[in-house]
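structure.txt, holding compact mmCIF, C-alpha atoms:
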# COMPACT_ATOMS: atom_id res chain seq x y z
CA MET P 1 -16.48 34.38 3.21
CA LEU P 2 -14.49 32.09 5.52
CA ILE P 3 -11.17 33.22 4.06
CA LYS P 4 -12.00 36.85 4.83
CA LEU P 5 -13.34 36.04 8.30
CA ILE P 6 -10.19 34.19 9.36
CA ALA P 7 -7.73 36.53 7.66
CA ASP P 8 -9.42 39.57 9.19
CA ARG P 9 -9.48 38.04 12.65
CA PHE P 10 -5.79 37.15 12.72
CA ASN P 11 -4.56 40.29 10.97
CA THR P 12 -6.59 42.44 13.35
CA TYR P 13 -4.85 40.72 16.26
CA PHE P 14 -1.44 41.41 14.73
CA GLU P 15 -2.28 45.08 14.15
CA GLN P 16 -3.46 45.68 17.71
CA ASP P 17 0.03 45.57 19.26
CA PRO P 18 3.62 45.14 18.02
CA ASP P 19 4.04 42.34 20.56
CA HIS P 20 1.22 40.37 18.95
CA ASP P 21 3.34 38.20 16.74
CA THR P 22 2.03 34.63 17.13
CA VAL P 23 -1.28 32.85 16.65
CA LEU P 24 -1.43 29.18 17.63
CA TRP P 25 -4.24 27.72 15.55
CA PHE P 26 -5.39 24.35 16.91
CA ASP P 27 -7.50 22.21 14.59
CA PRO P 28 -7.68 18.62 15.94
CA GLN P 29 -10.35 17.55 13.42
CA ARG P 30 -8.47 19.16 10.51
CA GLU P 31 -11.65 21.03 9.57
CA TRP P 32 -9.72 24.04 8.29
CA GLU P 33 -7.00 22.13 6.49
CA GLY P 34 -8.60 22.45 3.05
CA LEU P 35 -8.58 26.25 3.31
CA LEU P 36 -4.90 26.68 4.16
CA SER P 37 -3.75 27.07 0.55
CA TYR P 38 -6.37 29.82 0.06
CA LEU P 39 -5.22 31.59 3.23
CA LYS P 40 -1.51 31.67 2.38
CA PRO P 41 -1.72 34.89 0.31
CA HIS P 42 -3.44 36.63 3.24
CA LEU P 43 -1.58 35.30 6.29
CA PRO P 44 2.00 34.43 7.34
CA LEU P 45 1.19 30.74 7.76
CA LEU P 46 3.52 28.24 9.36
CA ILE P 47 2.05 24.75 9.01
CA PHE P 48 3.09 21.86 11.25
CA GLU P 49 4.56 19.05 9.19
CA ALA P 50 6.61 16.66 11.30
CA SER P 51 8.42 18.11 14.32
CA GLN P 52 7.24 20.39 17.10
CA LEU P 53 10.83 20.98 18.14
CA HIS P 54 11.71 22.23 14.67
CA LEU P 55 8.63 24.46 14.67
CA ARG P 56 9.52 25.86 18.09
CA HIS P 57 13.07 26.54 16.92
CA GLN P 58 11.77 28.49 13.91
CA LEU P 59 9.58 30.64 16.14
CA VAL P 60 12.23 31.29 18.77
CA LYS P 61 14.92 32.21 16.22
CA ARG P 62 12.77 34.43 14.00
CA ALA P 63 13.62 38.09 13.48
CA ALA P 64 12.07 40.73 15.71
CA GLY P 65 8.62 41.75 14.48
CA GLU P 66 8.21 38.64 12.33
CA ARG P 67 4.68 37.31 12.69
CA TYR P 68 3.29 33.82 12.23
CA VAL P 69 -0.02 31.97 12.29
CA VAL P 70 1.00 28.47 13.34
CA TYR P 71 -1.43 25.80 12.14
CA LEU P 72 -1.45 22.76 14.44
CA PRO P 73 -3.65 19.67 13.85
CA PHE P 74 -3.69 18.96 17.60
CA GLN P 75 -5.93 19.34 20.61
CA PRO P 76 -5.47 22.74 22.29
CA ILE P 77 -2.95 22.96 25.12
CA GLN P 78 -4.59 22.35 28.51
CA SER P 79 -3.43 24.21 31.59
CA THR P 80 -3.49 21.14 33.85
CA GLU P 81 -2.71 18.25 31.50
CA ARG P 82 0.05 17.31 29.12
CA GLY P 83 -1.16 17.21 25.53
CA GLU P 84 -0.12 16.63 21.94
CA ALA P 85 1.44 20.09 21.54
CA GLU P 86 3.47 20.01 24.77
CA TYR P 87 6.69 21.30 23.17
CA LEU P 88 4.86 24.48 22.16
CA ARG P 89 3.45 25.17 25.63
CA PRO P 90 5.88 28.05 26.41
CA LEU P 91 4.65 29.92 23.33
CA ALA P 92 1.00 29.65 24.36
CA TYR P 93 1.46 32.10 27.23
CA SER P 94 2.19 35.02 24.91
CA ALA P 95 0.31 33.95 21.76
CA MET P 96 -3.27 34.15 20.63
CA VAL P 97 -4.77 30.66 20.87
CA PHE P 98 -7.48 29.94 18.31
CA ASP P 99 -9.43 26.67 18.27
CA ASP P 100 -12.86 27.64 16.93
CA THR P 101 -14.62 25.10 14.74
CA LEU P 102 -16.04 25.91 11.33
CA GLU P 103 -19.53 25.84 12.77
CA ALA P 104 -18.61 28.23 15.59
CA VAL P 105 -17.06 30.75 13.19
CA LEU P 106 -20.05 30.61 10.87
CA ARG P 107 -22.50 31.00 13.74
CA ASP P 108 -20.51 34.01 14.99
CA ALA P 109 -20.97 35.46 11.49
CA ARG P 110 -24.74 34.98 11.95
CA VAL P 111 -25.13 32.22 9.38
CA ALA P 112 -28.61 30.76 9.91
CA PHE P 113 -28.08 27.02 10.21
CA PRO P 114 -31.06 24.63 10.37
CA GLU P 115 -32.60 24.57 13.84
CA ALA P 116 -33.30 20.82 13.95
CA SER P 117 -30.52 19.02 15.82
CA SER P 118 -31.00 15.91 13.65
CA THR P 119 -30.34 17.96 10.51
CA MET P 120 -27.19 19.49 11.99
CA ARG P 121 -25.91 16.03 12.94
CA GLU P 122 -26.12 15.12 9.25
CA LEU P 123 -24.50 18.35 8.10
CA ARG P 124 -21.52 18.53 10.47
CA PRO P 125 -19.47 15.81 8.72
CA LEU P 126 -19.85 17.81 5.49
CA LEU P 127 -18.73 21.18 6.83
CA ARG P 128 -15.10 20.53 5.89
CA PRO P 129 -15.71 19.85 2.17
CA LEU P 130 -18.41 22.54 2.12
CA ALA P 131 -15.84 25.03 3.43
CA VAL P 132 -13.65 24.38 0.40
CA ALA P 133 -16.66 24.56 -1.93
CA SER P 134 -17.61 27.90 -0.38
CA VAL P 135 -14.38 29.68 -1.39
CA GLY P 136 -15.29 32.76 -3.41
CA LYS P 137 -18.91 32.60 -2.27
CA GLY P 138 -20.74 34.57 0.36
CA LYS P 139 -23.16 34.00 3.20
CA ALA P 140 -25.91 32.93 0.80
CA PHE P 141 -23.95 29.77 -0.03
CA TRP P 142 -24.12 28.60 3.57
CA GLU P 143 -27.70 29.62 4.12
CA SER P 144 -28.76 27.61 1.06
CA VAL P 145 -27.55 24.46 2.83
CA VAL P 146 -30.73 23.47 4.66
CA ASN P 147 -30.43 19.66 4.76
CA LEU P 148 -28.28 16.73 3.64
CA GLU P 149 -29.67 16.81 0.09
CA THR P 150 -28.87 20.48 -0.49
CA ALA P 151 -25.44 20.06 1.10
CA LEU P 152 -24.55 17.24 -1.26
CA ALA P 153 -25.99 19.18 -4.19
CA ARG P 154 -23.46 21.96 -3.43
CA LEU P 155 -20.65 19.41 -3.30
CA ILE P 156 -21.78 17.13 -6.11
CA PRO P 157 -23.96 18.82 -8.75
CA ASP P 158 -23.87 15.70 -10.95
CA PHE P 159 -25.38 13.36 -8.34
CA GLU P 160 -26.70 10.73 -10.76
CA ASP P 161 -23.50 10.73 -12.81
CA LEU P 162 -21.61 9.98 -9.63
CA LEU P 163 -23.96 7.08 -8.90
CA LEU P 164 -23.34 5.72 -12.39
CA ARG P 165 -19.61 5.78 -11.72
CA LEU P 166 -20.14 4.11 -8.36
CA LEU P 167 -22.04 1.26 -10.03
CA ALA P 168 -19.37 0.86 -12.70
CA VAL P 169 -16.33 0.85 -10.36
CA PRO P 170 -17.72 0.72 -6.80
CA GLY P 171 -14.54 -0.01 -4.83
CA ARG P 172 -12.47 2.75 -6.39
CA THR P 173 -15.30 5.28 -6.24
CA VAL P 174 -15.94 4.66 -2.53
CA VAL P 175 -12.23 5.25 -1.87
CA GLU P 176 -12.57 8.60 -3.69
CA PHE P 177 -15.62 9.45 -1.56
CA GLU P 178 -13.63 8.67 1.58
CA ALA P 179 -10.77 10.89 0.45
CA GLN P 180 -13.26 13.75 0.00
CA LYS P 181 -14.86 12.99 3.40
CA ILE P 182 -18.28 12.45 1.82
CA ALA P 183 -18.57 8.64 1.78
CA GLY P 184 -20.97 8.29 4.70
CA PRO P 185 -23.36 11.12 3.77
CA ILE P 186 -23.52 10.34 0.07
CA LEU P 187 -24.13 6.61 0.56
CA GLU P 188 -26.83 7.52 3.05
CA LEU P 189 -28.41 9.78 0.44
CA PHE P 190 -28.41 6.94 -2.09
CA GLN P 191 -30.25 4.85 0.50
CA ARG P 192 -32.81 7.60 1.06
CA GLN P 193 -33.52 8.01 -2.61
CA PHE P 194 -33.53 4.37 -3.70
CA GLY P 195 -34.22 2.36 -0.55
CA VAL P 196 -31.04 0.25 -0.83
CA GLU P 197 -28.81 -0.20 2.23
CA PRO P 198 -25.31 1.29 1.76
CA PRO P 199 -22.41 -1.12 1.18
CA ALA P 200 -20.31 -2.52 3.99
CA ARG P 201 -16.57 -1.94 3.70
CA GLY P 202 -15.10 -4.41 1.20
CA GLU P 203 -18.51 -5.42 -0.17
CA GLU P 204 -18.94 -2.67 -2.73
CA GLU P 205 -19.16 -5.04 -5.72
CA ALA P 206 -21.90 -7.13 -4.08
CA TRP P 207 -23.74 -3.92 -3.20
CA ALA P 208 -23.60 -2.72 -6.83
CA ASP P 209 -25.10 -6.03 -7.96
CA ARG P 210 -27.82 -5.74 -5.32
CA PHE P 211 -28.56 -2.16 -6.37
CA THR P 212 -28.85 -3.28 -10.01
CA ALA P 213 -31.20 -6.09 -8.99
CA THR P 214 -33.38 -3.65 -7.05
CA LEU P 215 -33.80 -1.39 -10.09
CA CYS P 216 -34.67 -4.35 -12.30
CA LEU P 217 -37.09 -5.95 -9.83
CA VAL P 218 -39.01 -2.71 -9.38
CA ASP P 219 -39.22 -2.23 -13.15
CA VAL P 220 -40.55 -5.75 -13.81
CA TYR P 221 -43.01 -5.55 -10.91
CA LEU P 222 -44.50 -2.27 -12.12
CA ALA P 223 -44.53 -3.35 -15.78
CA ALA P 224 -46.49 -6.46 -14.74
CA ASP P 225 -49.02 -4.21 -12.94
CA LYS P 226 -47.91 -5.12 -9.40
CA PRO P 227 -49.24 -8.69 -9.16
CA ASP P 228 -49.46 -10.42 -5.77
CA SER P 229 -47.76 -13.45 -7.30
CA PHE P 230 -44.47 -11.59 -7.83
CA PRO P 231 -41.86 -13.92 -6.28
CA PHE P 232 -39.52 -11.15 -5.10
CA LYS P 233 -42.12 -8.80 -3.66
CA GLY P 234 -40.56 -9.08 -0.20
CA VAL P 235 -37.24 -7.55 -1.28
CA LEU P 236 -38.65 -4.52 -3.10
CA PRO P 237 -37.92 -1.10 -1.58
CA ALA P 238 -40.77 1.01 -0.23
CA PRO P 239 -43.23 2.27 -2.89
CA VAL P 240 -41.98 5.84 -2.44
CA HIS P 241 -38.74 4.77 -4.20
CA TRP P 242 -40.28 3.00 -7.21
CA ASP P 243 -40.47 5.89 -9.67
CA ARG P 244 -36.94 6.97 -8.75
CA CYS P 245 -35.66 3.45 -9.41
CA CYS P 246 -37.35 3.18 -12.81
CA ASN P 247 -36.23 6.62 -13.96
CA PHE P 248 -32.64 5.98 -12.97
CA LEU P 249 -32.70 2.57 -14.68
CA ARG P 250 -33.71 4.24 -17.96
CA LYS P 251 -30.93 6.80 -17.57
CA TRP P 252 -28.36 4.08 -16.89
CA GLN P 253 -29.43 1.99 -19.87
CA ARG P 254 -29.10 4.96 -22.22
CA ASP P 255 -25.91 6.51 -20.87
CA GLU P 256 -23.22 6.19 -23.54
CA MET P 257 -20.40 5.90 -21.03
CA PHE P 258 -21.98 3.54 -18.50
CA LYS P 259 -24.65 1.47 -20.29
CA GLU P 260 -22.19 -1.39 -20.78
CA ALA P 261 -21.70 -1.51 -17.02
CA PHE P 262 -25.43 -2.14 -16.70
CA ALA P 263 -25.24 -5.03 -19.19
CA ARG P 264 -22.33 -6.55 -17.27
CA ARG P 265 -24.07 -6.37 -13.91
CA ALA P 266 -27.51 -7.35 -15.18
CA LYS P 267 -26.12 -10.44 -16.90
CA ALA P 268 -24.14 -11.38 -13.78
CA ILE P 269 -27.27 -11.40 -11.58
CA ASP P 270 -29.74 -12.69 -14.17
CA GLY P 271 -29.61 -16.29 -12.95
CA GLN P 272 -30.35 -15.25 -9.36
CA TYR P 273 -33.66 -13.71 -10.40
CA ALA P 274 -35.06 -16.28 -12.82
CA LEU P 275 -38.49 -14.83 -13.58
CA ALA P 276 -39.08 -16.39 -17.01
CA GLY P 277 -41.39 -19.13 -15.70
CA TRP P 278 -43.38 -16.63 -13.67
CA VAL P 279 -43.66 -14.27 -16.65
CA GLN P 280 -45.01 -17.04 -18.88
CA GLY P 281 -47.82 -17.62 -16.38
CA LEU P 282 -49.04 -14.02 -16.62
CA PRO P 283 -51.96 -13.02 -18.86
CA HIS P 284 -49.64 -10.62 -20.70
CA PRO P 285 -45.81 -10.46 -20.61
CA PRO P 286 -44.56 -7.25 -18.92
CA GLU P 287 -43.05 -4.66 -21.24
CA SER P 288 -39.83 -4.46 -19.25
CA SER P 289 -36.30 -4.31 -20.56
CA ALA P 290 -34.64 -4.87 -17.20
CA PHE P 291 -33.79 -8.56 -16.70
CA LEU P 292 -32.54 -10.40 -19.77
CA ASN P 293 -34.40 -13.60 -18.78
CA VAL P 294 -37.70 -11.68 -18.64
CA GLU P 295 -37.03 -10.22 -22.07
CA ARG P 296 -36.20 -13.68 -23.41
CA ALA P 297 -39.49 -15.01 -22.04
CA ALA P 298 -41.38 -12.33 -23.97
CA TRP P 299 -39.31 -13.13 -27.06
CA ASP P 300 -40.10 -16.85 -26.75
CA ASP P 301 -43.84 -16.15 -26.42
CA VAL P 302 -43.87 -14.11 -29.62
CA ARG P 303 -41.83 -16.72 -31.47
CA GLU P 304 -44.27 -19.45 -30.42
CA GLU P 305 -47.16 -17.42 -31.79
CA LEU P 306 -45.30 -16.83 -35.05
CA ASP P 307 -44.35 -20.51 -35.34
CA ALA P 308 -48.01 -21.48 -34.94
CA ILE P 309 -49.17 -19.35 -37.89
CA ALA P 310 -50.93 -21.53 -40.45
CA ASP P 311 -51.92 -19.08 -43.19
CA LYS P 312 -51.66 -15.53 -44.46
CA SER P 313 -54.71 -14.19 -42.65
CA GLN P 314 -53.42 -15.51 -39.35
CA ALA P 315 -50.01 -13.97 -40.04
CA VAL P 316 -51.62 -10.58 -40.63
CA ALA P 317 -53.78 -10.92 -37.52
CA VAL P 318 -50.78 -11.79 -35.31
CA CYS P 319 -48.72 -8.93 -36.74
CA ARG P 320 -51.50 -6.44 -36.13
CA ALA P 321 -52.14 -7.71 -32.61
CA LYS P 322 -48.46 -7.75 -31.65
CA LYS P 323 -47.30 -4.66 -33.55
CA ASP P 324 -47.09 -2.26 -30.59
CA PHE P 325 -45.70 -4.92 -28.25
CA ILE P 326 -42.95 -5.83 -30.72
CA ARG P 327 -42.14 -2.19 -31.44
CA GLN P 328 -41.84 -1.53 -27.71
CA HIS P 329 -39.36 -4.36 -27.24
CA ALA P 330 -37.42 -3.41 -30.39
CA GLY P 331 -36.66 -0.10 -28.71
CA GLY P 332 -35.76 -1.78 -25.42
CA TYR P 333 -32.33 -2.07 -23.89
CA TRP P 334 -31.55 -5.70 -24.74
CA ALA P 335 -32.52 -5.20 -28.38
CA ARG P 336 -30.29 -2.13 -28.63
CA GLU P 337 -27.48 -3.86 -26.74
CA GLY P 338 -27.54 -6.78 -29.17
CA SER P 339 -28.47 -9.75 -26.98
CA LEU P 340 -31.96 -9.79 -28.53
CA ALA P 341 -31.42 -7.96 -31.80
CA GLY P 342 -34.19 -10.08 -33.34
CA TRP P 343 -36.79 -7.69 -31.96
CA ALA P 344 -35.77 -5.08 -34.53
CA ALA P 345 -36.13 -7.62 -37.35
CA LEU P 346 -39.59 -8.58 -36.06
CA ALA P 347 -40.62 -4.94 -35.92
CA ARG P 348 -39.61 -4.46 -39.56
CA MET P 349 -41.40 -7.68 -40.54
CA THR P 350 -44.67 -6.59 -38.92
CA GLU P 351 -44.49 -3.25 -40.74
CA VAL P 352 -43.97 -5.02 -44.07
CA VAL P 353 -46.78 -7.55 -43.49
CA ILE P 354 -49.26 -4.94 -42.29
CA GLY P 355 -48.26 -2.50 -45.04
CA ALA P 356 -48.64 -5.17 -47.72
CA ASP P 357 -52.03 -6.23 -46.37
CA ASP P 358 -53.23 -2.62 -46.30
CA ALA P 359 -52.04 -2.12 -49.87
CA LEU P 360 -53.79 -5.28 -51.09
CA ALA P 361 -56.98 -4.19 -49.35
CA GLU P 362 -56.91 -0.87 -51.26
CA LEU P 363 -56.26 -2.35 -54.71
CA PRO P 364 -59.94 -3.03 -55.59
CA ASP P 365 -60.60 0.70 -55.26
CA TYR P 366 -58.29 1.44 -58.21
CA LEU P 367 -59.61 0.05 -61.49
CA THR P 368 -56.71 1.18 -63.67
CA ALA P 369 -52.95 1.44 -63.41
CA GLN P 370 -53.26 5.19 -64.00
CA ALA P 371 -55.57 5.54 -60.99
CA LEU P 372 -53.15 3.59 -58.83
CA ILE P 373 -50.22 5.76 -59.94
CA GLY P 374 -52.26 8.85 -59.16
CA ARG P 375 -52.77 7.54 -55.64
Would you mind writing the file out in structure tokens?
Amino acid sequence: MLIKLIADRFNTYFEQDPDHDTVLWFDPQREWEGLLSYLKPHLPLLIFEASQLHLRHQLVKRAAGERYVVYLPFQPIQSTERGEAEYLRPLAYSAMVFDDTLEAVLRDARVAFPEASSTMRELRPLLRPLAVASVGKGKAFWESVVNLETALARLIPDFEDLLLRLLAVPGRTVVEFEAQKIAGPILELFQRQFGVEPPARGEEEAWADRFTATLCLVDVYLAADKPDSFPFKGVLPAPVHWDRCCNFLRKWQRDEMFKEAFARRAKAIDGQYALAGWVQGLPHPPESSAFLNVERAAWDDVREELDAIADKSQAVAVCRAKKDFIRQHAGGYWAREGSLAGWAALARMTEVVIGADDALAELPDYLTAQALIGR
């Protein structure tokens, strides 16, 4: 859409009069820069690179009838003040001067932008990358952008995958965001969805650890049924973010490419959030596979019960009582990761003990070997 709008506007100017041979296109914010390569097949573009004098020489010495659209990443020439493009001032008197912003061109094309000024303030920084994303698309593309979330969805369809990469290599990923001009908006969106403040420049690693801790704290708190005694209740995000945090934690722990990044970060922060003592004071350990120290506390509780078994009947009773709890932890992250692989062995043991006890309980019902085989 934008390619056609700009190409039509400039080519129409050229066709109106043989003397119309120059367009000076001023773009101080470089909003249009990403579209230049798409415009080259449709326009005689001359792009400023290093020297205004060289550019002026090219224009002055060109053949009669040769037309150019001159792209200049400068402020427009002012009639009363010297500016950045002063060497090109003589050309401005006979050229078409174009300095419309992306937003102005789209509004002229009757694109219905959101009416709320606060929404437009969020969208304006994204117009440049959205312009590139819109190539080959029509008016509907722009009118589907109704807020920050939909804008970023057009730019980044794999939002959660991008967050996984950010948590794995935060510094490098933020640099990539900045190169794409989306760092501010996307980090703000992460904050909206998870309730975690965006990272300060140079503190991306610490932010990734803090983000990991937030996910884990929310998971433990909810798994423990939101007790008032939770020692880190004051640092939890608002309740509206809790389900989002837990769902993303599960995704991260199961992602084949990035699950090891979770283990690395979770182990690094584990000592800062020592909840084992608190967990052991609860009526029931939370079924959470977030913090390793919480998982170890649950493991230690089960081991103590198993160590206290005095006879077969007690062994069967403990296995039956703990069967679901053990199975839950055997499927948890730290069991799968290998730090607490013993959960899987315990799950198999409970199945064997319970299965054997059930079989022994049935034996009196079968008076002969033939009857048992028939069973």
Atom CA of P:Leu5 sits from atom CA of P:Gly138 at a separation of 11.0 Å
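Between atom CA of P:Arg210 and atom CA of P:Tyr273 there is a distance of 11.1 Å.
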| field | Distance query 12 Å from (-45.6, -3.9, -13.8) using only C-alpha atoms, result as a PyMOL selection string | value | chain P and resi 216-230+233+242-243+246+279+282+284-290
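Counting only C-alpha atoms, the residue from P:Lys139, P:Val353, P:Ala133, P:Phe194 that sits nearest to P:Gln180 is P:Ala133.
Atom pair atom CA of P:Thr12 / atom CA of P:Phe26 has a distance of 18.5 Å (rounded to one decimal).
If all atoms listed in the file are the atoms counted, then among P:Trp299, P:Phe232, P:Phe98, P:Phe291 the closest residue to P:Trp32 is P:Phe98.
Distances here use all atoms listed in the file; by that measure, the residue among P:Val69, P:Ala356, P:Ala179, P:Leu346 closest to P:Leu306 is P:Leu346.
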Sort by chain and increasing residue number a table of all residues of stretch 123-228 of chain P within 12 Å of stretch 108-119 of chain P, each with its closest pair of atoms and their distance in Å to one decimal, counting all atoms listed in the file, and write it as JSON lines.
{"residue": "P:Leu123", "atom": "CA", "partner": "P:Thr119", "partner_atom": "CA", "distance": 6.3}
{"residue": "P:Arg124", "atom": "CA", "partner": "P:Thr119", "partner_atom": "CA", "distance": 8.8}
{"residue": "P:Pro125", "atom": "CA", "partner": "P:Thr119", "partner_atom": "CA", "distance": 11.2}
{"residue": "P:Leu126", "atom": "CA", "partner": "P:Thr119", "partner_atom": "CA", "distance": 11.6}
{"residue": "P:Leu127", "atom": "CA", "partner": "P:Phe113", "partner_atom": "CA", "distance": 11.5}
{"residue": "P:Gly138", "atom": "CA", "partner": "P:Val111", "partner_atom": "CA", "distance": 10.3}
{"residue": "P:Lys139", "atom": "CA", "partner": "P:Val111", "partner_atom": "CA", "distance": 6.7}
{"residue": "P:Ala140", "atom": "CA", "partner": "P:Val111", "partner_atom": "CA", "distance": 8.6}
{"residue": "P:Phe141", "atom": "CA", "partner": "P:Val111", "partner_atom": "CA", "distance": 9.8}
{"residue": "P:Trp142", "atom": "CA", "partner": "P:Val111", "partner_atom": "CA", "distance": 6.9}
{"residue": "P:Glu143", "atom": "CA", "partner": "P:Ala112", "partner_atom": "CA", "distance": 6.0}
{"residue": "P:Ser144", "atom": "CA", "partner": "P:Phe113", "partner_atom": "CA", "distance": 9.2}
{"residue": "P:Val145", "atom": "CA", "partner": "P:Phe113", "partner_atom": "CA", "distance": 7.8}
{"residue": "P:Val146", "atom": "CA", "partner": "P:Pro114", "partner_atom": "CA", "distance": 5.8}
{"residue": "P:Asn147", "atom": "CA", "partner": "P:Thr119", "partner_atom": "CA", "distance": 6.0}
{"residue": "P:Leu148", "atom": "CA", "partner": "P:Thr119", "partner_atom": "CA", "distance": 7.3}
{"residue": "P:Glu149", "atom": "CA", "partner": "P:Thr119", "partner_atom": "CA", "distance": 10.5}
{"residue": "P:Thr150", "atom": "CA", "partner": "P:Thr119", "partner_atom": "CA", "distance": 11.4}
{"residue": "P:Ala151", "atom": "CA", "partner": "P:Thr119", "partner_atom": "CA", "distance": 10.8}
{"residue": "P:Pro185", "atom": "CA", "partner": "P:Thr119", "partner_atom": "CA", "distance": 11.9}
For stretch 152-199 of chain P, write C-alpha atoms out as a CSV table (one decimal), in the first residue's frame.
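And here's decode23.csv as it stands now:
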chain,number,residue,atom,x,y,z
P,152,LEU,CA,3.7,-6.2,18.1
P,153,ALA,CA,1.7,-9.3,16.9
P,154,ARG,CA,2.1,-8.1,13.3
P,155,LEU,CA,5.8,-7.6,13.9
P,156,ILE,CA,6.5,-10.6,16.1
P,157,PRO,CA,4.1,-13.5,15.6
P,158,ASP,CA,6.2,-15.7,17.8
P,159,PHE,CA,6.0,-13.5,20.9
P,160,GLU,CA,6.7,-16.2,23.5
P,161,ASP,CA,9.5,-17.7,21.5
P,162,LEU,CA,11.1,-14.3,21.4
P,163,LEU,CA,10.8,-14.0,25.2
P,164,LEU,CA,12.4,-17.4,25.6
P,165,ARG,CA,15.3,-16.2,23.5
P,166,LEU,CA,15.5,-13.0,25.6
P,167,LEU,CA,15.8,-15.0,28.8
P,168,ALA,CA,18.5,-17.3,27.3
P,169,VAL,CA,20.7,-14.5,25.9
P,170,PRO,CA,19.2,-11.2,27.2
P,171,GLY,CA,22.0,-8.8,26.2
P,172,ARG,CA,22.3,-9.9,22.6
P,173,THR,CA,18.5,-10.1,22.2
P,174,VAL,CA,18.0,-6.6,23.5
P,175,VAL,CA,20.6,-5.3,21.0
P,176,GLU,CA,18.6,-7.1,18.2
P,177,PHE,CA,15.4,-5.4,19.5
P,178,GLU,CA,17.1,-2.0,19.3
P,179,ALA,CA,18.3,-2.6,15.8
P,180,GLN,CA,14.7,-3.3,14.8
P,181,LYS,CA,13.5,-0.3,16.7
P,182,ILE,CA,11.2,-2.4,18.9
P,183,ALA,CA,13.1,-2.6,22.1
P,184,GLY,CA,11.0,-0.1,24.1
P,185,PRO,CA,7.6,-1.3,23.0
P,186,ILE,CA,8.3,-5.0,23.3
P,187,LEU,CA,9.8,-4.7,26.8
P,188,GLU,CA,6.9,-2.7,27.8
P,189,LEU,CA,4.6,-5.4,26.5
P,190,PHE,CA,6.5,-8.0,28.6
P,191,GLN,CA,5.9,-5.8,31.6
P,192,ARG,CA,2.2,-5.5,30.9
P,193,GLN,CA,1.7,-9.3,30.5
P,194,PHE,CA,3.9,-10.5,33.4
P,195,GLY,CA,4.2,-7.5,35.8
P,196,VAL,CA,8.0,-7.4,35.7
P,197,GLU,CA,9.7,-4.0,35.2
P,198,PRO,CA,11.8,-3.9,31.9
P,199,PRO,CA,15.6,-4.1,32.2
